[in-house]
>>> print(open('run-v7.txt').read())   # compact mmCIF, C-alpha atoms
# COMPACT_ATOMS: atom_id res chain seq x y z
CA MET A 944 -96.55 -87.32 112.23
CA MET A 945 -99.29 -85.49 114.10
CA LEU A 946 -102.70 -87.12 113.72
CA ILE A 947 -105.68 -84.79 113.96
CA ASP A 948 -109.17 -86.16 114.52
CA PRO A 949 -111.33 -85.02 111.58
CA GLN A 950 -114.39 -84.84 113.83
CA ASN A 951 -115.04 -81.87 116.09
CA LYS A 952 -115.37 -83.48 119.52
CA LEU A 953 -117.80 -80.88 120.84
CA LEU A 954 -120.11 -81.35 117.87
CA GLN A 955 -119.68 -85.12 117.98
CA THR A 956 -121.02 -85.37 121.53
CA GLN A 957 -123.70 -82.71 121.18
CA ILE A 958 -125.26 -84.02 117.95
CA MET A 959 -126.30 -87.34 119.46
CA ASP A 960 -127.48 -85.56 122.61
CA LEU A 961 -129.68 -83.19 120.59
CA ILE A 962 -131.15 -86.06 118.57
CA MET A 963 -131.89 -88.39 121.46
CA LYS A 964 -133.26 -85.75 123.83
CA LYS A 965 -134.97 -83.72 121.08
CA ASP A 966 -133.63 -80.68 122.86
CA PRO A 967 -134.50 -77.36 121.11
CA ARG A 968 -131.25 -75.54 121.80
CA ILE A 969 -128.25 -74.13 119.92
CA VAL A 970 -124.64 -75.32 120.01
CA VAL A 971 -121.91 -73.11 118.51
CA ALA A 972 -118.34 -74.30 117.88
CA LYS A 973 -115.71 -71.82 116.72
CA ASP A 974 -112.51 -73.11 115.13
CA TYR A 975 -109.30 -71.91 113.48
CA ASN A 976 -109.26 -69.27 110.73
CA TYR A 977 -112.53 -67.68 111.79
CA SER A 978 -114.57 -70.76 110.93
CA CYS A 979 -117.73 -71.46 112.88
CA THR A 980 -120.27 -74.31 113.02
CA LYS A 981 -123.73 -74.12 114.55
CA LEU A 982 -126.14 -76.91 115.48
CA GLN A 983 -129.78 -76.28 116.24
CA TYR A 984 -132.58 -78.74 116.97
CA LYS A 985 -135.99 -77.27 116.23
CA GLU A 986 -139.38 -78.35 117.47
CA ASN A 987 -140.38 -79.45 113.96
CA GLY A 988 -138.08 -82.45 114.45
CA ARG A 989 -135.21 -81.23 112.27
CA LEU A 990 -131.56 -80.85 113.20
CA PHE A 991 -129.88 -77.92 111.44
CA LEU A 992 -126.17 -77.63 110.65
CA SER A 993 -124.72 -74.26 109.61
CA PHE A 994 -121.11 -73.52 108.64
CA THR A 995 -119.04 -70.48 107.73
CA CYS A 996 -115.37 -69.55 107.26
CA PHE A 997 -113.51 -66.51 105.98
CA ASN A 998 -112.45 -68.14 102.68
CA PHE A 999 -115.76 -69.91 102.02
CA ASN A 1000 -116.53 -68.34 98.64
CA GLU A 1001 -113.10 -69.19 97.22
CA ILE A 1002 -113.19 -72.85 98.19
CA PHE A 1003 -116.88 -73.38 97.46
CA SER A 1004 -116.38 -72.05 93.92
CA ILE A 1005 -113.69 -74.73 93.44
CA ALA A 1006 -115.41 -77.83 94.81
CA GLY A 1007 -118.55 -76.88 96.73
CA ASN A 1008 -120.90 -78.95 94.58
CA TYR A 1009 -118.47 -81.87 94.73
CA MET A 1010 -118.52 -81.76 98.54
CA ILE A 1011 -122.31 -81.60 98.71
CA ASP A 1012 -122.73 -84.51 96.30
CA LYS A 1013 -120.14 -86.63 98.12
CA TYR A 1014 -121.06 -85.97 101.76
CA TYR A 1015 -124.41 -84.16 102.07
CA LYS A 1016 -126.70 -85.29 99.26
CA ASP A 1017 -128.83 -87.22 101.80
CA TYR A 1018 -129.61 -84.00 103.69
CA THR A 1019 -131.79 -81.01 102.85
CA LYS A 1020 -129.89 -77.92 101.72
CA GLU A 1021 -131.59 -74.97 103.39
CA ASP A 1022 -131.29 -71.22 102.93
CA PRO A 1023 -128.14 -70.22 104.84
CA ASP A 1024 -128.78 -69.19 108.42
CA VAL A 1025 -128.01 -65.57 109.29
CA GLY A 1026 -124.25 -65.10 109.61
CA PHE A 1027 -123.44 -68.40 107.87
CA HIS A 1028 -122.69 -69.49 104.31
CA LEU A 1029 -124.11 -73.01 104.26
CA THR A 1030 -126.97 -74.77 106.07
CA PHE A 1031 -128.18 -78.38 105.94
CA SER A 1032 -130.94 -80.09 107.88
CA PHE A 1033 -131.70 -83.67 108.89
CA ASN A 1034 -135.20 -84.92 109.62
CA VAL A 1035 -134.87 -86.76 112.93
CA GLN A 1036 -138.37 -88.14 112.43
CA SER A 1037 -137.07 -90.18 109.48
CA ALA A 1038 -135.84 -92.71 112.03
CA LYS A 1039 -138.04 -95.80 112.25
CA GLU A 1040 -140.50 -96.16 115.11
CA GLU A 1041 -140.42 -99.25 117.28
CA PRO A 1042 -143.60 -101.34 117.31
CA LYS A 1043 -145.49 -101.63 120.58
CA ILE A 1044 -146.28 -104.95 122.21
CA GLN A 1045 -150.03 -105.39 122.65
CA LYS A 1046 -151.37 -106.52 126.01
CA ASN A 1047 -153.03 -109.60 124.52
CA ALA A 1048 -149.94 -110.65 122.52
CA THR A 1049 -148.78 -114.23 122.87
CA GLU A 1050 -145.28 -115.09 124.05
CA ALA A 1051 -144.29 -115.94 120.48
CA GLU A 1052 -145.62 -112.59 119.23
CA LYS A 1053 -143.81 -110.75 122.03
CA ALA A 1054 -140.54 -112.45 121.11
CA GLU A 1055 -141.02 -111.61 117.43
CA ILE A 1056 -141.78 -107.95 118.15
CA GLN A 1057 -138.79 -107.75 120.49
CA GLU A 1058 -136.53 -108.98 117.68
CA ILE A 1059 -137.98 -106.33 115.36
CA LYS A 1060 -137.38 -103.64 117.98
CA ILE A 1061 -133.74 -104.68 118.36
CA GLN A 1062 -133.28 -104.55 114.59
CA ILE A 1063 -134.89 -101.09 114.34
CA ARG A 1064 -132.74 -99.77 117.18
CA ALA A 1065 -129.61 -100.97 115.38
CA GLU A 1066 -130.72 -99.32 112.11
CA ASN A 1067 -131.53 -96.05 113.86
CA GLN A 1068 -128.22 -96.12 115.70
CA LYS A 1069 -126.39 -96.58 112.40
CA LEU A 1070 -128.34 -93.67 110.88
CA PHE A 1071 -127.60 -91.36 113.82
CA GLU A 1072 -123.91 -92.31 113.77
CA LYS A 1073 -123.74 -91.35 110.09
CA VAL A 1074 -125.38 -87.98 110.80
CA THR A 1075 -122.99 -87.42 113.70
CA LYS A 1076 -119.97 -88.16 111.50
CA ASP A 1077 -121.14 -86.06 108.55
CA PHE A 1078 -122.15 -83.06 110.65
CA SER A 1079 -119.15 -83.08 113.00
CA GLN A 1080 -116.75 -83.29 110.01
CA ILE A 1081 -118.21 -80.35 108.08
CA ARG A 1082 -115.03 -78.29 108.43
CA ARG A 1083 -112.77 -81.19 107.43
CA ASN A 1084 -114.99 -82.13 104.47
CA PHE A 1085 -115.18 -78.54 103.26
CA TYR A 1086 -111.43 -77.90 103.25
CA ALA A 1087 -110.60 -81.36 101.86
CA SER A 1088 -113.08 -81.18 98.97
CA ALA A 1089 -110.85 -79.19 96.60
CA PHE A 1090 -108.03 -81.73 96.97
CA GLU A 1091 -110.31 -84.77 96.87
CA GLN A 1092 -111.93 -83.52 93.67
CA ALA A 1093 -108.52 -83.10 92.02
CA PHE A 1094 -107.43 -86.58 93.19
CA ASP A 1095 -110.58 -88.16 91.76
CA GLN A 1096 -110.12 -86.41 88.42
CA ILE A 1097 -106.49 -87.51 88.15
CA ASN A 1098 -107.28 -91.11 89.13
CA LYS A 1099 -109.97 -91.25 86.43
CA GLY A 1100 -107.48 -90.08 83.82
CA HIS A 1101 -109.03 -86.64 83.48
CA ILE A 1102 -107.22 -83.32 83.49
CA ALA A 1103 -107.79 -81.65 86.85
CA SER A 1104 -108.11 -77.90 87.05
CA LYS A 1105 -105.50 -75.87 88.89
CA PHE A 1106 -106.75 -73.84 91.81
CA LYS A 1107 -105.66 -71.53 94.59
CA TYR A 1108 -107.21 -70.06 97.71
CA GLN A 1109 -106.21 -67.93 100.66
CA SER A 1110 -105.52 -70.23 103.60
CA ARG A 1111 -104.70 -67.54 106.18
CA GLU A 1112 -104.02 -63.83 106.23
CA ASN A 1113 -101.32 -63.12 103.60
CA GLU A 1114 -100.96 -66.85 102.91
CA VAL A 1115 -102.08 -68.76 99.82
CA VAL A 1116 -102.32 -72.40 98.72
CA TYR A 1117 -101.69 -73.17 95.04
CA ALA A 1118 -102.49 -76.56 93.45
CA ILE A 1119 -101.17 -77.38 89.98
CA PRO A 1120 -102.02 -80.89 88.70
CA ASP A 1121 -99.92 -83.04 86.38
CA GLN A 1122 -101.03 -86.18 84.58
CA ASP A 1123 -100.33 -88.39 87.59
CA ALA A 1124 -99.50 -85.96 90.38
CA LEU A 1125 -100.82 -82.96 92.26
CA ASN A 1126 -98.29 -80.19 92.91
CA ILE A 1127 -99.17 -78.16 95.99
CA PHE A 1128 -97.48 -74.87 96.75
CA TYR A 1129 -97.84 -73.24 100.18
CA GLU A 1130 -96.98 -69.58 100.55
CA ILE A 1131 -96.20 -68.93 104.22
CA SER A 1132 -95.77 -65.38 105.46
CA PHE A 1133 -93.98 -64.49 108.69
CA SER A 1134 -95.00 -60.95 109.63
CA ASP A 1135 -93.92 -61.04 113.27
CA ASN A 1136 -90.24 -60.38 114.09
CA VAL A 1137 -90.10 -63.31 116.50
CA ASP A 1138 -91.57 -65.63 113.85
CA LYS A 1139 -89.01 -64.36 111.34
CA THR A 1140 -86.17 -65.16 113.72
CA LEU A 1141 -87.48 -68.66 114.38
CA ALA A 1142 -87.99 -69.25 110.67
CA ASN A 1143 -84.40 -68.25 109.94
CA LEU A 1144 -83.22 -70.83 112.46
CA ILE A 1145 -85.10 -73.56 110.61
CA ILE A 1146 -84.58 -72.60 106.98
CA ASP A 1147 -82.69 -70.04 104.93
CA ALA A 1148 -84.88 -67.11 103.94
CA LYS A 1149 -86.62 -67.19 100.55
CA THR A 1150 -85.79 -70.86 99.96
CA ILE A 1151 -88.09 -73.36 98.32
CA ILE A 1152 -88.26 -76.85 99.75
CA PHE A 1153 -89.42 -79.78 97.65
CA ILE A 1154 -90.86 -82.67 99.60
CA TYR A 1155 -91.81 -85.81 97.71
CA ILE A 1156 -94.30 -88.14 99.33
CA ILE A 1157 -94.70 -91.47 97.56
CA GLN A 1158 -98.09 -93.21 97.57
CA PRO A 1159 -100.22 -94.05 99.38
CA ILE A 1160 -100.91 -90.52 100.57
CA ASN A 1161 -103.19 -89.06 103.18
CA LEU A 1162 -103.52 -85.27 102.94
CA ILE A 1163 -105.19 -83.14 105.66
CA ASN A 1164 -106.93 -86.11 107.25
CA ILE A 1165 -108.44 -87.44 104.02
CA SER A 1166 -109.45 -90.87 105.23
CA LYS A 1167 -109.58 -92.49 101.80
CA LEU A 1168 -106.21 -93.41 100.30
CA TYR A 1169 -105.75 -92.37 96.70
CA SER A 1170 -103.62 -94.13 94.10
CA ILE A 1171 -101.85 -91.10 92.67
CA LYS A 1172 -98.19 -91.95 92.05
CA LYS A 1173 -96.87 -89.01 93.99
CA ILE A 1174 -97.80 -85.69 95.48
CA ILE A 1175 -95.33 -82.83 95.51
CA ILE A 1176 -95.59 -80.31 98.32
CA LEU A 1177 -93.71 -77.08 97.76
CA THR A 1178 -93.29 -74.65 100.61
CA GLN A 1179 -92.02 -71.11 100.17
CA ILE A 1180 -91.00 -69.25 103.29
CA ILE A 1181 -91.42 -65.52 102.80
CA ILE A 1182 -89.57 -63.33 105.29
>>> encode(input="run-v7.txt", output="structure tokens")
Amino acid sequence: MMLIDPQNKLLQTQIMDLIMKKDPRIVVAKDYNYSCTKLQYKENGRLFLSFTCFNFNEIFSIAGNYMIDKYYKDYTKEDPDVGFHLTFSFNVQSAKEEPKIQKNATEAEKAEIQEIKIQIRAENQKLFEKVTKDFSQIRRNFYASAFEQAFDQINKGHIASKFKYQSRENEVVYAIPDQDALNIFYEISFSDNVDKTLANLIIDAKTIIFIYIIQPINLINISKLYSIKKIIILTQIII
């Protein structure tokens, strides 16, 4: 099984660099399916995260509020930056300041202040690591939110809502929940003649494959394991 890191490596390295250096510059990371993430540190001491993708409105209408409440409630939701659908900001100045050692401090006082400084550095490091994780995983969190919301509803004994969204051009994902399962249907379209030929070598045209994955499951890099009894993935190859 191919394991994909949920964090964007470019964003992961640049976020900490922007925070520590307080560098007022812009970092843009483009990804698959016309998605784009922008980081910007401004002189007011805030780090801004902006995100967009071609199917944003569809997915956000399904679980946008769920995603914000789960991953970004500790950040300020800003008016979307130009060309983007969603913008959050983090106040870098919310990190604790280290106390200064006075010139006339005794050795005991110096040792005490040094201990406090070490503790504050550890707390700030933990805070910055959380920001780095949350901001660098914006694309993963956004696309996973619709599935995570359905999993949570099923695990709580509630009836989850069915949903669908366009995943790529001429391709759609359908999710139909049962009492203890989530049925996922992928519509895959092969428009290129070469792709059609390769697809025919792998599977008979217009065939539906049923793949049963028994718990625990881990869908599209969802780090938390859910206790749903099974998830059914249905793939239809359209040629």
>>> closest_residue(input="run-v7.txt", among="A:Asn1047, A:Thr1075, A:Thr980, A:Asn1113", to="Asp1024 in chain A", atoms="only C-alpha atoms")
A:Thr980
>>> residues_around(input="run-v7.txt", residues="Tyr984 in chain A", least_positions_apart="4", cutoff="8 Å", atoms="only C-alpha atoms", output="PyMOL selection string")
chain A and resi 961-962+965-969+988-991
>>> closest_residue(input="run-v7.txt", among="A:Glu1072, A:Glu1001, A:Asp1135, A:Glu1050", to="Val1116 in chain A", atoms="all atoms listed in the file")
A:Glu1001
>>> closest_residue(input="run-v7.txt", among="A:Glu1040, A:Val1137, A:Ala1087, A:Thr1049", to="Glu1066 in chain A", atoms="all atoms listed in the file")
A:Glu1040
>>> closest_residue(input="run-v7.txt", among="A:Ile1127, A:Cys996, A:Leu982, A:Val1074", to="Asp1017 in chain A", atoms="only C-alpha atoms")
A:Val1074
>>> closest_residue(input="run-v7.txt", among="A:Glu1091, A:Asp1123, A:Asp960, A:Glu1130", to="Gly1007 in chain A", atoms="only C-alpha atoms")
A:Glu1091
>>> atom_distance(input="run-v7.txt", atom1="CA of Lys952 in chain A", atom2="CA of Ser978 in chain A")
15.4 Å
>>> atom_distance(input="run-v7.txt", atom1="CA of Asn998 in chain A", atom2="CA of Tyr1108 in chain A")
7.5 Å
>>> closest_residue(input="run-v7.txt", among="A:Lys964, A:Pro949, A:Lys1046, A:Phe1031", to="Lys1016 in chain A", atoms="only C-alpha atoms")
A:Phe1031
>>> axis_aligned_box(input="run-v7.txt", around="range 1075-1083 of chain A", padding_each_side="6 Å", output="lines of an AutoDock Vina configuration file")
center_x = -117.9
center_y = -83.2
center_z = 110.6
size_x = 22.2
size_y = 21.9
size_z = 18.3
>>> atom_distance(input="run-v7.txt", atom1="CA of Glu986 in chain A", atom2="CA of Val971 in chain A")
18.3 Å
